[in-house]
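Novice: The following file, protein.txt, comprises compact mmCIF, C-alpha atoms:
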```txt
# COMPACT_ATOMS: atom_id res chain seq x y z
CA MET T 1 -100.11 -71.46 -67.63
CA THR T 2 -103.42 -72.70 -69.02
CA ASP T 3 -106.71 -70.99 -68.20
CA GLN T 4 -107.80 -74.05 -66.26
CA THR T 5 -104.72 -73.93 -63.99
CA SER T 6 -105.23 -70.26 -63.30
CA VAL T 7 -108.93 -70.83 -62.52
CA ASN T 8 -107.96 -73.61 -60.09
CA ARG T 9 -105.34 -71.43 -58.49
CA ASN T 10 -107.81 -68.57 -58.03
CA LYS T 11 -110.21 -70.97 -56.42
CA ILE T 12 -107.56 -72.39 -54.06
CA ALA T 13 -106.43 -68.92 -53.02
CA ARG T 14 -109.98 -67.70 -52.39
CA GLN T 15 -110.86 -70.81 -50.41
CA PHE T 16 -107.62 -70.47 -48.45
CA ILE T 17 -108.49 -67.02 -47.13
CA GLU T 18 -112.24 -67.61 -46.77
CA ALA T 19 -111.54 -70.65 -44.58
CA ILE T 20 -109.47 -68.63 -42.08
CA PRO T 21 -111.74 -67.41 -39.27
CA HIS T 22 -109.29 -64.77 -38.08
CA ALA T 23 -108.85 -63.37 -41.61
CA GLN T 24 -112.63 -63.05 -41.82
CA THR T 25 -112.74 -61.39 -38.38
CA LEU T 26 -110.33 -58.73 -39.63
CA GLY T 27 -112.24 -58.26 -42.90
CA MET T 28 -109.36 -59.36 -45.14
CA LEU T 29 -110.00 -59.46 -48.87
CA LEU T 30 -107.84 -61.22 -51.47
CA THR T 31 -107.42 -58.69 -54.29
CA GLU T 32 -104.78 -60.24 -56.56
CA ILE T 33 -102.82 -63.44 -57.07
CA GLY T 34 -100.09 -64.55 -59.47
CA ASP T 35 -97.33 -67.21 -59.61
CA GLY T 36 -96.33 -67.23 -55.93
CA THR T 37 -97.61 -63.71 -55.33
CA ALA T 38 -100.65 -62.44 -53.45
CA GLU T 39 -102.23 -59.13 -52.49
CA ILE T 40 -104.61 -58.83 -49.54
CA THR T 41 -106.30 -55.73 -48.14
CA MET T 42 -107.80 -55.05 -44.71
CA PRO T 43 -110.09 -52.13 -43.81
CA TYR T 44 -109.27 -49.66 -41.04
CA ASP T 45 -111.11 -50.61 -37.86
CA ASP T 46 -111.25 -48.75 -34.52
CA ARG T 47 -111.01 -52.07 -32.67
CA LEU T 48 -107.52 -52.67 -34.08
CA VAL T 49 -106.04 -49.46 -32.70
CA GLY T 50 -102.82 -49.91 -30.73
CA ASP T 51 -102.28 -46.29 -29.71
CA PRO T 52 -105.48 -44.48 -28.73
CA GLU T 53 -103.70 -41.08 -28.74
CA THR T 54 -103.03 -41.29 -32.47
CA GLY T 55 -105.51 -43.91 -33.73
CA VAL T 56 -102.67 -45.89 -35.30
CA ILE T 57 -103.34 -49.61 -35.95
CA HIS T 58 -101.50 -52.06 -33.63
CA GLY T 59 -98.43 -53.80 -35.04
CA GLY T 60 -100.06 -57.13 -34.20
CA ALA T 61 -102.87 -56.52 -36.70
CA VAL T 62 -100.25 -55.69 -39.35
CA SER T 63 -98.55 -59.01 -38.45
CA ALA T 64 -101.80 -60.91 -38.98
CA LEU T 65 -102.23 -59.32 -42.42
CA MET T 66 -98.59 -59.97 -43.45
CA ASP T 67 -98.74 -63.56 -42.19
CA THR T 68 -101.98 -64.34 -44.04
CA CYS T 69 -100.78 -62.73 -47.27
CA SER T 70 -97.45 -64.59 -47.09
CA GLY T 71 -99.24 -67.89 -46.55
CA ALA T 72 -101.46 -67.15 -49.57
CA ALA T 73 -98.38 -66.42 -51.71
CA VAL T 74 -96.92 -69.82 -50.73
CA MET T 75 -100.20 -71.60 -51.58
CA VAL T 76 -100.31 -70.14 -55.10
CA HIS T 77 -96.70 -71.02 -55.89
CA PRO T 78 -96.51 -72.94 -59.23
CA THR T 79 -95.22 -76.05 -57.42
CA ALA T 80 -98.72 -76.32 -55.87
CA PRO T 81 -98.21 -76.96 -52.14
CA ILE T 82 -101.21 -78.54 -50.39
CA ALA T 83 -100.61 -76.86 -47.02
CA THR T 84 -98.32 -74.35 -45.33
CA ALA T 85 -97.52 -72.97 -41.87
CA THR T 86 -95.32 -70.11 -40.66
CA LEU T 87 -91.85 -71.11 -39.39
CA ASP T 88 -90.63 -67.60 -38.76
CA LEU T 89 -91.63 -64.09 -39.69
CA ARG T 90 -89.69 -60.87 -39.16
CA ILE T 91 -91.47 -57.57 -39.53
CA ASP T 92 -89.77 -54.19 -39.82
CA TYR T 93 -91.96 -51.20 -39.08
CA MET T 94 -90.98 -48.26 -41.30
CA ARG T 95 -93.61 -45.79 -40.12
CA SER T 96 -97.07 -45.59 -38.57
CA ALA T 97 -99.98 -46.41 -40.88
CA LYS T 98 -102.26 -43.42 -41.46
CA PRO T 99 -105.39 -43.69 -39.25
CA GLY T 100 -108.47 -44.33 -41.39
CA ASP T 101 -106.52 -45.83 -44.31
CA ARG T 102 -107.10 -49.36 -45.59
CA LEU T 103 -103.96 -51.53 -45.37
CA THR T 104 -102.70 -53.47 -48.40
CA THR T 105 -100.03 -56.17 -48.32
CA ARG T 106 -98.21 -57.69 -51.28
CA ALA T 107 -96.28 -60.89 -50.67
CA GLU T 108 -93.95 -62.83 -52.91
CA CYS T 109 -92.81 -66.40 -52.45
CA TYR T 110 -89.40 -65.98 -54.11
CA HIS T 111 -87.88 -69.39 -53.46
CA VAL T 112 -89.07 -72.85 -52.51
CA THR T 113 -87.32 -76.09 -51.65
CA ARG T 114 -89.12 -79.41 -51.23
CA SER T 115 -90.20 -78.50 -47.70
CA VAL T 116 -89.52 -74.78 -47.14
CA ALA T 117 -90.82 -71.59 -48.78
CA PHE T 118 -89.12 -68.19 -48.47
CA ILE T 119 -91.22 -65.06 -48.67
CA ARG T 120 -90.99 -61.29 -48.56
CA ALA T 121 -93.90 -58.94 -48.09
CA THR T 122 -94.59 -55.21 -48.00
CA ALA T 123 -97.51 -53.37 -46.38
CA PHE T 124 -98.91 -50.01 -47.52
CA ASP T 125 -101.58 -47.58 -46.42
CA GLY T 126 -103.03 -45.12 -48.98
CA ASP T 127 -99.52 -44.04 -50.02
CA PHE T 128 -97.99 -46.75 -52.24
CA ASP T 129 -94.65 -44.92 -52.52
CA ARG T 130 -93.80 -45.29 -48.84
CA PRO T 131 -94.18 -48.74 -47.25
CA VAL T 132 -95.59 -48.97 -43.72
CA ALA T 133 -93.80 -52.25 -43.01
CA THR T 134 -91.79 -54.99 -44.69
CA ALA T 135 -91.48 -58.64 -43.75
CA THR T 136 -89.35 -61.66 -44.54
CA GLY T 137 -90.19 -65.17 -43.51
CA ALA T 138 -89.84 -68.91 -43.91
CA PHE T 139 -92.87 -71.19 -44.24
CA THR T 140 -93.28 -74.95 -44.16
CA ILE T 141 -94.53 -76.63 -47.33
CA GLU T 142 -96.57 -79.78 -47.38
CA ARG T 143 -96.61 -81.58 -50.73
CA ALA T 144 -99.14 -83.99 -52.15
CA PRO T 145 -97.86 -87.60 -51.99
CA GLU T 146 -96.27 -88.61 -55.31
CA MET B 147 -88.93 -46.46 11.94
CA LYS B 148 -91.43 -45.88 9.12
CA ARG B 149 -94.28 -48.34 9.05
CA PRO B 150 -94.67 -50.33 5.82
CA GLU B 151 -97.61 -49.39 3.58
CA PRO B 152 -100.78 -51.45 4.10
CA VAL B 153 -100.87 -54.29 1.54
CA GLN B 154 -104.20 -53.21 0.05
CA VAL B 155 -102.80 -49.74 -0.70
CA VAL B 156 -99.85 -51.27 -2.53
CA LYS B 157 -102.02 -53.69 -4.50
CA GLN B 158 -104.57 -51.04 -5.39
CA ARG B 159 -101.87 -48.71 -6.74
CA ARG B 160 -100.24 -51.42 -8.86
CA ASP B 161 -103.47 -52.95 -10.14
CA SER B 162 -105.02 -49.64 -11.13
CA ALA B 163 -101.81 -48.55 -12.92
CA LEU B 164 -101.80 -51.82 -14.86
CA GLN B 165 -105.50 -51.58 -15.62
CA ARG B 166 -105.11 -48.06 -17.05
CA LEU B 167 -102.28 -49.33 -19.26
CA VAL B 168 -104.23 -52.31 -20.63
CA GLU B 169 -107.65 -50.66 -20.98
CA GLY B 170 -106.19 -47.85 -23.09
CA VAL B 171 -105.43 -50.15 -26.04
CA PRO B 172 -108.49 -51.20 -28.11
CA TYR B 173 -106.60 -54.00 -29.88
CA ILE B 174 -105.83 -55.72 -26.54
CA GLN B 175 -109.57 -55.72 -25.79
CA PHE B 176 -110.34 -56.94 -29.32
CA LEU B 177 -108.14 -60.04 -28.92
CA GLY B 178 -109.36 -60.51 -25.34
CA ILE B 179 -105.84 -60.44 -23.87
CA GLN B 180 -105.58 -60.07 -20.08
CA ILE B 181 -102.46 -59.21 -18.11
CA ASP B 182 -101.99 -61.13 -14.88
CA ARG B 183 -99.72 -59.62 -12.17
CA ARG B 184 -97.76 -61.25 -9.34
CA GLY B 185 -95.60 -58.57 -7.68
CA ASP B 186 -93.85 -56.96 -10.61
CA GLU B 187 -94.08 -60.09 -12.80
CA LEU B 188 -96.58 -59.87 -15.67
CA THR B 189 -98.10 -62.78 -17.60
CA GLY B 190 -100.12 -62.22 -20.76
CA VAL B 191 -103.19 -64.47 -20.96
CA LEU B 192 -104.97 -65.13 -24.26
CA PRO B 193 -108.25 -66.97 -23.55
CA TYR B 194 -109.25 -69.19 -26.48
CA ASP B 195 -111.84 -67.89 -28.93
CA ASP B 196 -113.00 -69.29 -32.30
CA LYS B 197 -112.21 -65.99 -34.03
CA LEU B 198 -108.49 -66.50 -33.26
CA ILE B 199 -108.22 -69.58 -35.50
CA GLY B 200 -105.96 -69.43 -38.57
CA ASN B 201 -106.02 -73.04 -39.70
CA PRO B 202 -109.47 -74.59 -39.31
CA MET B 203 -108.24 -78.04 -40.46
CA LEU B 204 -105.86 -78.65 -37.54
CA PRO B 205 -107.30 -76.42 -35.92
CA ALA B 206 -104.56 -73.95 -34.90
CA LEU B 207 -104.29 -70.34 -33.73
CA HIS B 208 -103.58 -67.80 -36.47
CA GLY B 209 -99.87 -66.96 -36.74
CA GLY B 210 -100.80 -63.29 -36.73
CA VAL B 211 -102.71 -63.72 -33.46
CA THR B 212 -99.69 -65.41 -31.91
CA ALA B 213 -97.44 -62.58 -33.14
CA ALA B 214 -99.87 -59.98 -31.82
CA PHE B 215 -100.12 -61.71 -28.42
CA LEU B 216 -96.32 -61.81 -28.14
CA GLU B 217 -95.98 -58.17 -29.22
CA VAL B 218 -98.67 -56.95 -26.80
CA THR B 219 -97.00 -58.83 -23.92
CA ALA B 220 -93.56 -57.44 -24.85
CA ILE B 221 -94.83 -53.84 -25.01
CA MET B 222 -96.72 -54.17 -21.71
CA GLU B 223 -93.69 -55.66 -19.91
CA LEU B 224 -91.38 -52.98 -21.32
CA THR B 225 -93.74 -50.15 -20.34
CA TRP B 226 -94.41 -51.70 -16.94
CA SER B 227 -90.72 -52.14 -16.09
CA THR B 228 -89.73 -48.66 -17.23
CA THR B 229 -92.55 -46.90 -15.36
CA TRP B 230 -92.44 -49.10 -12.23
CA ALA B 231 -90.32 -46.70 -10.14
CA ASP B 232 -92.54 -43.69 -10.93
CA MET B 233 -95.66 -45.74 -10.27
CA GLU B 234 -94.31 -46.96 -6.91
CA ALA B 235 -93.38 -43.39 -6.00
CA GLY B 236 -97.01 -42.41 -6.57
CA LYS B 237 -96.18 -40.22 -9.58
CA LEU B 238 -98.70 -41.98 -11.85
CA THR B 239 -102.27 -41.23 -10.88
CA ASP B 240 -105.66 -40.96 -12.54
CA VAL B 241 -105.00 -37.35 -13.36
CA THR B 242 -101.50 -37.69 -14.86
CA PRO B 243 -101.38 -37.90 -18.68
CA ARG B 244 -101.61 -41.35 -20.26
CA ILE B 245 -98.32 -43.22 -20.50
CA VAL B 246 -96.88 -43.04 -24.02
CA LEU B 247 -96.12 -46.55 -25.32
CA PRO B 248 -92.84 -47.63 -26.98
CA LYS B 249 -92.95 -48.03 -30.77
CA THR B 250 -92.02 -51.33 -32.38
CA ILE B 251 -88.99 -51.06 -34.69
CA ASP B 252 -88.87 -54.74 -35.63
CA PHE B 253 -90.35 -57.97 -34.35
CA THR B 254 -89.21 -61.51 -35.19
CA VAL B 255 -91.40 -64.47 -34.32
CA ASP B 256 -90.32 -68.13 -34.16
CA TYR B 257 -93.20 -70.54 -34.56
CA LEU B 258 -92.16 -73.68 -32.70
CA ARG B 259 -95.38 -75.72 -32.83
CA PRO B 260 -98.99 -75.09 -33.77
CA GLY B 261 -100.98 -72.99 -31.30
CA LEU B 262 -103.69 -75.32 -29.98
CA PRO B 263 -107.32 -74.24 -29.62
CA ARG B 264 -106.98 -73.45 -25.92
CA ASP B 265 -105.70 -70.64 -23.65
CA ALA B 266 -102.17 -69.32 -24.18
CA TYR B 267 -99.75 -67.56 -21.83
CA ALA B 268 -96.74 -65.32 -22.44
CA ARG B 269 -93.99 -63.70 -20.43
CA ALA B 270 -91.46 -61.16 -21.63
CA ARG B 271 -87.94 -60.29 -20.47
CA VAL B 272 -86.37 -56.91 -21.14
CA ASN B 273 -82.81 -57.75 -22.18
CA ARG B 274 -81.70 -54.19 -22.72
CA SER B 275 -83.48 -50.99 -21.93
CA GLY B 276 -81.71 -47.78 -22.90
CA ARG B 277 -82.81 -44.17 -23.11
CA ARG B 278 -83.80 -44.54 -26.77
CA TYR B 279 -83.84 -48.25 -27.67
CA ALA B 280 -84.88 -51.45 -25.98
CA SER B 281 -84.59 -55.15 -26.81
CA VAL B 282 -87.22 -57.54 -25.47
CA HIS B 283 -87.54 -61.33 -25.64
CA VAL B 284 -90.91 -62.98 -25.14
CA GLU B 285 -92.03 -66.61 -24.82
CA ALA B 286 -95.48 -68.17 -25.19
CA TRP B 287 -96.77 -71.55 -24.06
CA GLN B 288 -100.04 -73.36 -23.50
CA ASP B 289 -100.22 -76.48 -21.34
CA ASN B 290 -96.59 -76.78 -20.28
CA ARG B 291 -94.34 -73.86 -19.37
CA THR B 292 -91.32 -75.62 -20.85
CA ARG B 293 -92.99 -76.53 -24.16
CA LEU B 294 -93.04 -73.14 -25.90
CA PHE B 295 -95.24 -72.84 -28.98
CA ALA B 296 -93.72 -69.51 -30.03
CA GLN B 297 -91.05 -67.02 -29.02
CA ALA B 298 -90.06 -63.62 -30.33
CA THR B 299 -87.50 -60.84 -30.06
CA GLY B 300 -88.31 -57.23 -30.76
CA HIS B 301 -86.60 -53.87 -30.77
CA PHE B 302 -88.47 -50.81 -29.60
CA LEU B 303 -88.10 -47.06 -29.75
CA MET B 304 -88.63 -45.61 -26.27
CA PRO B 305 -90.91 -42.60 -25.79
CA GLN B 306 -89.06 -39.48 -24.65
CA ARG B 307 -90.19 -38.92 -21.08
CA ASN B 308 -90.13 -35.45 -19.59
CA GLY B 309 -88.13 -34.80 -16.45
```
How does this structure look as C-alpha cells?
Specialist:
Amino acid sequence: MTDQTSVNRNKIARQFIEAIPHAQTLGMLLTEIGDGTAEITMPYDDRLVGDPETGVIHGGAVSALMDTCSGAAVMVHPTAPIATATLDLRIDYMRSAKPGDRLTTRAECYHVTRSVAFIRATAFDGDFDRPVATATGAFTIERAPE
Amino acid sequence: MKRPEPVQVVKQRRDSALQRLVEGVPYIQFLGIQIDRRGDELTGVLPYDDKLIGNPMLPALHGGVTAAFLEVTAIMELTWSTTWADMEAGKLTDVTPRIVLPKTIDFTVDYLRPGLPRDAYARARVNRSGRRYASVHVEAWQDNRTRLFAQATGHFLMPQRNG
C-alpha cells in the first residue's frame, strides 16, 4: 500500500468515528487501523454503569463500542466500501470489565463479498490476556458506483 | 370473603417496585430509557435524543444504542417477571436489599431496518426461565408495532436468590 492510500484511509477512519454523535458521547477514540482492522478505546464513566453494586459497565455500552469498532474495521477494508451498517451482531460476555478500567476493542473484517462484510471483535479492560467480551457480526457494504 | 385490595395500593406497590429497579441503573438514566407498565406488561421507551445518533448522514440511531435498549428491556422484563410473585406478596419493600440483576451471557441483535430519529419502543418475552439460566427474546419498533426495526435474543445467568 502506498503512503497516500494509507493517509487517505487514516483520514476516512478518523472522519468515520468523529462524525458519529454517539461515539463522541461515549468518548470513543480511534487508536489504530490497518487493512480491515481497527482499535477503539472508551474511558470508564460512572454514567455507563449497569450494576451499581459493583460499578461494572453495562453490556449495552460494550455493544456500542464493539459495533462502532466493527463498522470502522469494515470501512478501512482494502476494497474501500463507501458506507456500512450492522446486519447482525452477537456478543458473548466472558467476564465483567474491571470498574475504573478503560475498555479497548479490536475488530477485524476477515471476509467481504460484494455486499456483505464479516467481522469479529474482542474487548479488553486493563488485562489484555483475558478478554471481557467477543463479538461476531455481519455488516452491509455499500460500494461506489463503477 | 376477603375484600380486594384498593386499586391505589396495588398500583403504588407495583410502580414503586419498578421505579426502584429502573432508578438503580445509571446507564438506563444515561440513555433516557423509561419503562412503561400496564398490569404486569412492561414496554421500554427510548425517547429520541441527538446523542443517540450513529449515522448522521441518514440519520439513524446508533446500532449500539439499539442493542443497549433491547438489552435493558430484556433484563428489566426478566427481573420483573421473576420477582413479581415476591413483590405482589409484599416481600419487596424500601428496606429490603436491592434486587440483584441477571448477568448477560450472550446477546444477538438482528438489525432489520435503520432506527429513525424518533422515539422507539421495545417489549421482551421470557421464553425460558430456569433456576440458573434464562432465554429472552425482545422486539423493538417505532411507528408501527408490526414493523420491527430490531430484535434480539439473549441468554442470562440468574442471580442466586436466598430462600
Novice: List the neighbours of B:Ile245 out to 9 Å using all atoms listed in the file; skip same-chain residues closer than 4 positions along the sequence, and give me the result as a PyMOL selection string.
Specialist: chain B and resi 167+225+229+238
Novice: As a list of chain:residue names, could you give me every residue of chain B near chain T (at most 7 Å apart, counting all atoms listed in the file)?
Specialist: B:Gly170, B:Val171, B:Pro172, B:Tyr173, B:Phe176, B:Lys197, B:Leu198, B:Ile199, B:Gly200, B:Asn201, B:Pro202, B:His208, B:Gly209, B:Gly210, B:Val211, B:Ala213, B:Ala214, B:Glu217, B:Thr250, B:Ile251, B:Asp252, B:Phe253, B:Thr254, B:Val255, B:Asp256, B:Tyr257
Novice: List every protein, DNA or RNA residue that has an atom no more than 12 Å from (-110.7, -73.9, -50.9) in the file's coordinate frame, counting all atoms listed in the file, and report them as a PyMOL selection string.
Specialist: (chain T and resi 8-20+72+75-76+82-83) or (chain B and resi 202-203)
Novice: In terms of the shortest atom-to-atom distance over all atoms listed in the file, which of T:Gly27, T:Thr54, T:Glu146, T:Ser70 is closest to T:Glu39?
Specialist: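 Closest to T:Glu39, using all atoms listed in the file: T:Ser70.
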Novice: State, in Å with one decimal place, the distance from atom CA of T:Gly34 to atom CA of T:Ala117.
Specialist: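 Computed distance, atom CA of T:Gly34 to atom CA of T:Ala117, equals 15.8 Å.
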Novice: For atom CA of B:Leu247 and atom CA of B:Pro305, determine how far apart the two atoms are, in Å to one decimal place.
Specialist: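 Going from atom CA of B:Leu247 over to atom CA of B:Pro305, I get 6.6 Å.
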Novice: Could you give me, as a PyMOL selection string, the residues within 12 Å of T:Thr37, counting all atoms listed in the file and dropping anything in the same chain fewer than 3 positions from it?
Specialist: chain T and resi 9-10+13+30-34+40+69-78+105-111+118-122
Novice: Which distance in Å separates atom CA of T:Pro131 and atom CA of B:Pro248, to one decimal?
Specialist: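 Separation of atom CA of T:Pro131 and atom CA of B:Pro248: 20.3 Å.
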Novice: Give me the residues near stretch 155-157 of chain B as a PyMOL selection string, where near means some atom within 12 Å (using only C-alpha atoms) and where sequence neighbours in that chain fewer than 2 positions away do not count.
Specialist: chain B and resi 150-153+159-165+183-186+233-236
Novice: Quick one: residues within 8 Å of B:Leu216, all atoms listed in the file, excluding same-chain residues fewer than 3 positions away - as a list in words?
Specialist: Thr212, Ala213, Thr219, Ala220, Ala268, Val284, Glu285, Ala286, Gln297 and Ala298 of chain B
Novice: Between B:Val246, B:Val218, B:Val272, B:Val191, which one has atoms that come closest to B:Ile174, using all atoms listed in the file?
Specialist: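 Distance minimum relative to B:Ile174 lands on B:Val218.
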